[in-house]
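Asker: Please find one structure pasted underneath; my questions will follow.
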Amino acid sequence: MNTYISFETLLVILAIAHVSSVTLLLAASNFCLAVIETLEEAND
């Protein structure tokens, strides 16, 4: 059994990992900003 991963496959895996991590980071920051805005409105 050959466990060799080609460069193109590795590049695709890294690209998918990068895009998914950026998407999750943006979603988390968007959610945190919404929570902060809600807390600020509640304090007013």
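Letters for chains follow the order of the structure tokens (A, B, ...), residue numbers begin at 1 for each chain, and ligand numbers begin at 1 in the order shown.
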Go through chain A and collect every residue that DSSP, computed from the backbone, puts in helix (DSSP H, G or I); the answer should be as a PyMOL selection string.
Answerer: chain A and resi 7-43
Asker: Next, dump the selected residues to file, keeping only C-alpha atoms, as a tab-separated table (two decimals), in the first residue's frame.
Answerer:
```
chain	number	residue	atom	x	y	z
A	7	PHE	CA	1.55	17.66	-4.30
A	8	GLU	CA	-1.71	18.59	-6.02
A	9	THR	CA	-3.75	16.63	-3.48
A	10	LEU	CA	-1.86	18.25	-0.62
A	11	LEU	CA	-2.43	21.68	-2.15
A	12	VAL	CA	-6.18	21.05	-2.41
A	13	ILE	CA	-6.32	19.81	1.20
A	14	LEU	CA	-4.45	22.88	2.44
A	15	ALA	CA	-6.65	25.23	0.40
A	16	ILE	CA	-9.83	23.66	1.79
A	17	ALA	CA	-8.45	23.85	5.33
A	18	HIS	CA	-7.52	27.50	4.84
A	19	VAL	CA	-10.90	28.51	3.40
A	20	SER	CA	-12.83	26.64	6.10
A	21	SER	CA	-10.75	28.13	8.91
A	22	VAL	CA	-11.18	31.66	7.53
A	23	THR	CA	-14.93	31.10	7.18
A	24	LEU	CA	-15.20	29.83	10.76
A	25	LEU	CA	-13.12	32.76	12.03
A	26	LEU	CA	-15.34	35.29	10.24
A	27	ALA	CA	-18.49	33.60	11.53
A	28	ALA	CA	-17.18	33.59	15.11
A	29	SER	CA	-16.12	37.24	14.95
A	30	ASN	CA	-19.47	38.22	13.45
A	31	PHE	CA	-21.29	36.38	16.23
A	32	CYS	CA	-19.12	38.01	18.92
A	33	LEU	CA	-19.74	41.46	17.45
A	34	ALA	CA	-23.48	40.83	17.53
A	35	VAL	CA	-23.26	39.78	21.19
A	36	ILE	CA	-21.21	42.88	22.05
A	37	GLU	CA	-23.70	45.16	20.29
A	38	THR	CA	-26.59	43.51	22.13
A	39	LEU	CA	-24.84	43.98	25.46
A	40	GLU	CA	-24.11	47.63	24.68
A	41	GLU	CA	-27.75	48.25	23.76
A	42	ALA	CA	-28.88	46.59	26.98
A	43	ASN	CA	-26.64	48.91	29.02
```
